Number of protein chains: 2
Amino acid sequence: MTLEATHSGLRERKRLATRRAIELAALELVDEKGFENVTVDEISNRADISPRTFFNYFASKETVLVGDAPVLPNDAALAGYLSAGPHESVLVGLGPIVAASTAATSDDLHLQKLRFSLLKQYPQLFTLRMTAMRQFEDSLTEVVAERMLRDDPSLAADEGGLKNRARLVTFVAFAAIRHAWTVWDGSGASSGFGNRLLDSFEQLPGILSPAVSA
Amino acid sequence: MTLEATHSGLRERKRLATRRAIELAALELVDEKGFENVTVDEISNRADISPRTFFNYFASKETVLVGDAPVLPNDAALAGYLSAGPHESVLVGLGPIVAASTAATSDDLHLQKLRFSLLKQYPQLFTLRMTAMRQFEDSLTEVVAERMLRDDPSLAADEGGLKNRARLVTFVAFAAIRHAWTVWDGSGASSGFGNRLLDSFEQLPGILSPAVSA
DNA sequence: TGCATATTTGCAGAGAGTGCAATAATATAA
DNA sequence: TTATATTATTGCACTCTCTGCAAATATGCA
């Protein structure tokens, strides 16, 4: 139910098909020839549209490659996180939520793999994707803040402090996401990315411990 | 002692002056009119050089704005971190090193403030700067790995695991850097950025600890 | 069918960025 | 100082990205 997806007239379907054709053409071409050796004209040719139409769908040659940012699911996992109580880590508990968010992609497997490979290969694209995630980051920060508030209602007294603390948690969560990306070897698709993600989250408390458990 | 800085003939000094003039012109213009309303031609005009020369100094309109990435200092602080021993946190101890690295800028205060303001205002620029920090990130990861090895020589058995662990530590350190940036209000220059940075690092244990102090 | 609305396309043009060759400035050695 | 080598600056032509606008085309709906 993506706003207009239920309508699904001929127009809608054609638009989606065109969008997908452009993405596919772009990803394949860059995979074949390298980012800097591919022009928008070529992409448009392969996708059977005019160059002008390309820019009706995507703002730039980069944005067509990075894909949509994840969206926070409004489901049971989220509710569970919010009410987990003060004995569960505010940080590690974020793992399953992030995993659920990133799993909900409209891409098929082929596109996903191409994207992943390109994001690893071109830091500029990876970084652009991270920028695109800012909104997701903000939603996450709000969720964390609410969870903290539920765990300890007295935090409401210092709203600014709460927000800052929540932001730090979110940033660290994104560090875990980056880590999962970096470590996940495309070939080792043996274990899905979701598991890899949870793994990185669970490693987080441990990076402190060499000093603590001494 | 930056490779050729000791030479300091007329040529070197002119080059530096030109570089600085371009940076200043670019930062001021973007501050005055907004990023998208400034052209390379305008920047070149104000800096009294030809547009072609602009691209001899900087690869793009963006790179002139973000400044150079920090470099790891090879000093006492670094040596202290490496030999701090297993009872000091591998993560929090990174704070002073990062603070020292970011403090060593060739920018004067005016440029620094303009840059900071623009990086906050334009996410694309902030992201570009983060990309530029990748090399610094790699150096940091190596330092962390060596420190871990000194703390526990048995880790040498699993080289891949060590590297991954060190990477996670570095990524989390960068989360702290981002946090410091986000929280630091330019106006509140009352406490320098260095202190703000240390503050964020010291908040990390409170977030990573398995459970709150319940 | 006929009308309203959305999509595609071509075209002209601004701006970013590059390669190349000419020119100017600086360094160096006699 | 002068001749010569090296490096920096510049102009020019060119490719590519991206935008505004208006004409043409396709779809939705009564």
# chains A, B, ... in the order shown; residues from 1 in each chain; ligands from 1
>>> residues_around(residues="stretch 19-25 of chain B", least_positions_apart="2", cutoff="7 Å", atoms="only C-alpha atoms (C1' of nucleotides)", output="list in words")
Arg15, Leu16, Ala17, Leu27, Glu28, Leu29, Ile43, Arg46, Ala47, Tyr57, Val64, Leu65 and Leu111 of chain B
>>> residues_around(residues="C:DA12", least_positions_apart="3", cutoff="12 Å", atoms="only C-alpha atoms (C1' of nucleotides)", output="list in words")
DT19, DG20, DC21 and DA22 of chain D
>>> interface_residues(of="chain B", to="chain A", cutoff="8 Å", atoms="only C-alpha atoms", output="PyMOL selection string")
chain B and resi 86-91+123-124+127-128+130-131+164-165+167-169+171-172+174-176+178-179+183+205+207-212+214
>>> closest_atom_pairs(of="chain B", to="chain C", cutoff="9 Å", atoms="only C-alpha atoms (C1' of nucleotides)", output="JSON lines")
{"residue": "B:Leu10", "atom": "CA", "partner": "C:DT26", "partner_atom": "C1'", "distance": 7.7}
{"residue": "B:Arg11", "atom": "CA", "partner": "C:DT26", "partner_atom": "C1'", "distance": 6.6}
{"residue": "B:Thr39", "atom": "CA", "partner": "C:DG15", "partner_atom": "C1'", "distance": 7.4}
{"residue": "B:Val40", "atom": "CA", "partner": "C:DA16", "partner_atom": "C1'", "distance": 8.2}
{"residue": "B:Phe55", "atom": "CA", "partner": "C:DG17", "partner_atom": "C1'", "distance": 7.8}
{"residue": "B:Ala59", "atom": "CA", "partner": "C:DG17", "partner_atom": "C1'", "distance": 8.2}
{"residue": "B:Ser60", "atom": "CA", "partner": "C:DG17", "partner_atom": "C1'", "distance": 7.6}
{"residue": "B:Lys61", "atom": "CA", "partner": "C:DA16", "partner_atom": "C1'", "distance": 8.2}
>>> write_last_selection(atoms="N, CA and C atoms", output="PDB file, in the first residue's frame")
ATOM      1  N   LEU B  10      59.842  30.948  -3.804  1.00  0.00           N
ATOM      2  CA  LEU B  10      58.766  31.839  -4.217  1.00  0.00           C
ATOM      3  C   LEU B  10      57.607  31.045  -4.790  1.00  0.00           C
ATOM      4  N   ARG B  11      57.948  30.026  -5.568  1.00  0.00           N
ATOM      5  CA  ARG B  11      56.919  29.208  -6.201  1.00  0.00           C
ATOM      6  C   ARG B  11      55.985  28.582  -5.175  1.00  0.00           C
ATOM      7  N   THR B  39      28.935  29.931  -9.168  1.00  0.00           N
ATOM      8  CA  THR B  39      29.591  29.198 -10.245  1.00  0.00           C
ATOM      9  C   THR B  39      31.105  29.264 -10.078  1.00  0.00           C
ATOM     10  N   VAL B  40      31.762  28.328 -10.714  1.00  0.00           N
ATOM     11  CA  VAL B  40      33.219  28.311 -10.678  1.00  0.00           C
ATOM     12  C   VAL B  40      33.771  29.600 -11.285  1.00  0.00           C
ATOM     13  N   PHE B  55      40.581  24.527 -11.676  1.00  0.00           N
ATOM     14  CA  PHE B  55      40.595  23.066 -11.748  1.00  0.00           C
ATOM     15  C   PHE B  55      42.007  22.491 -11.714  1.00  0.00           C
ATOM     16  N   ALA B  59      39.570  19.567  -7.704  1.00  0.00           N
ATOM     17  CA  ALA B  59      38.937  18.681  -8.680  1.00  0.00           C
ATOM     18  C   ALA B  59      37.497  19.068  -8.963  1.00  0.00           C
ATOM     19  N   SER B  60      36.869  19.782  -8.063  1.00  0.00           N
ATOM     20  CA  SER B  60      35.470  20.131  -8.275  1.00  0.00           C
ATOM     21  C   SER B  60      35.078  21.304  -7.399  1.00  0.00           C
ATOM     22  N   LYS B  61      33.918  21.795  -7.665  1.00  0.00           N
ATOM     23  CA  LYS B  61      33.358  22.897  -6.894  1.00  0.00           C
ATOM     24  C   LYS B  61      33.131  22.447  -5.442  1.00  0.00           C
TER      25      LYS B  61
END
>>> closest_atom_pairs(of="chain B", to="chain D", cutoff="10 Å", atoms="only C-alpha atoms (C1' of nucleotides)", output="tab-separated table")
residue	atom	partner	partner_atom	distance
B:Arg11	CA	D:DT7	C1'	8.7
B:Arg15	CA	D:DA8	C1'	8.9
B:Ile49	CA	D:DT9	C1'	8.3
B:Ser50	CA	D:DT10	C1'	6.7
B:Pro51	CA	D:DT10	C1'	8.9
B:Arg52	CA	D:DT10	C1'	7.0
B:Thr53	CA	D:DT9	C1'	6.6
B:Asn56	CA	D:DA8	C1'	9.3
>>> write_last_selection(atoms="C-alpha atoms", output="compact mmCIF listing (two decimals), in the first residue's frame")
# COMPACT_ATOMS: atom_id res chain seq x y z
CA ARG B 11 56.92 29.21 -6.20
CA ARG B 15 51.03 28.26 -4.82
CA ILE B 49 42.59 33.46 -11.49
CA SER B 50 41.23 31.88 -14.63
CA PRO B 51 38.48 29.24 -14.37
CA ARG B 52 40.91 26.78 -15.86
CA THR B 53 43.35 27.38 -13.05
CA ASN B 56 44.36 22.87 -11.53
>>> closest_residue(among="B:Trp181, B:Tyr81, B:Phe116, B:Phe193", to="B:Val143", atoms="only C-alpha atoms")
B:Tyr81
>>> atom_distance(atom1="atom CA of A:Met133", atom2="atom CA of A:Asn74")
17.4 Å
>>> select_by_dssp(residues="stretch 26-204 of chain A", states="helix (DSSP H, G or I)", output="PyMOL selection string")
chain A and resi 26-33+35-37+40-47+51-57+63-66+76-82+94-103+109-121+123-132+134-151+153-157+159-183+193-204
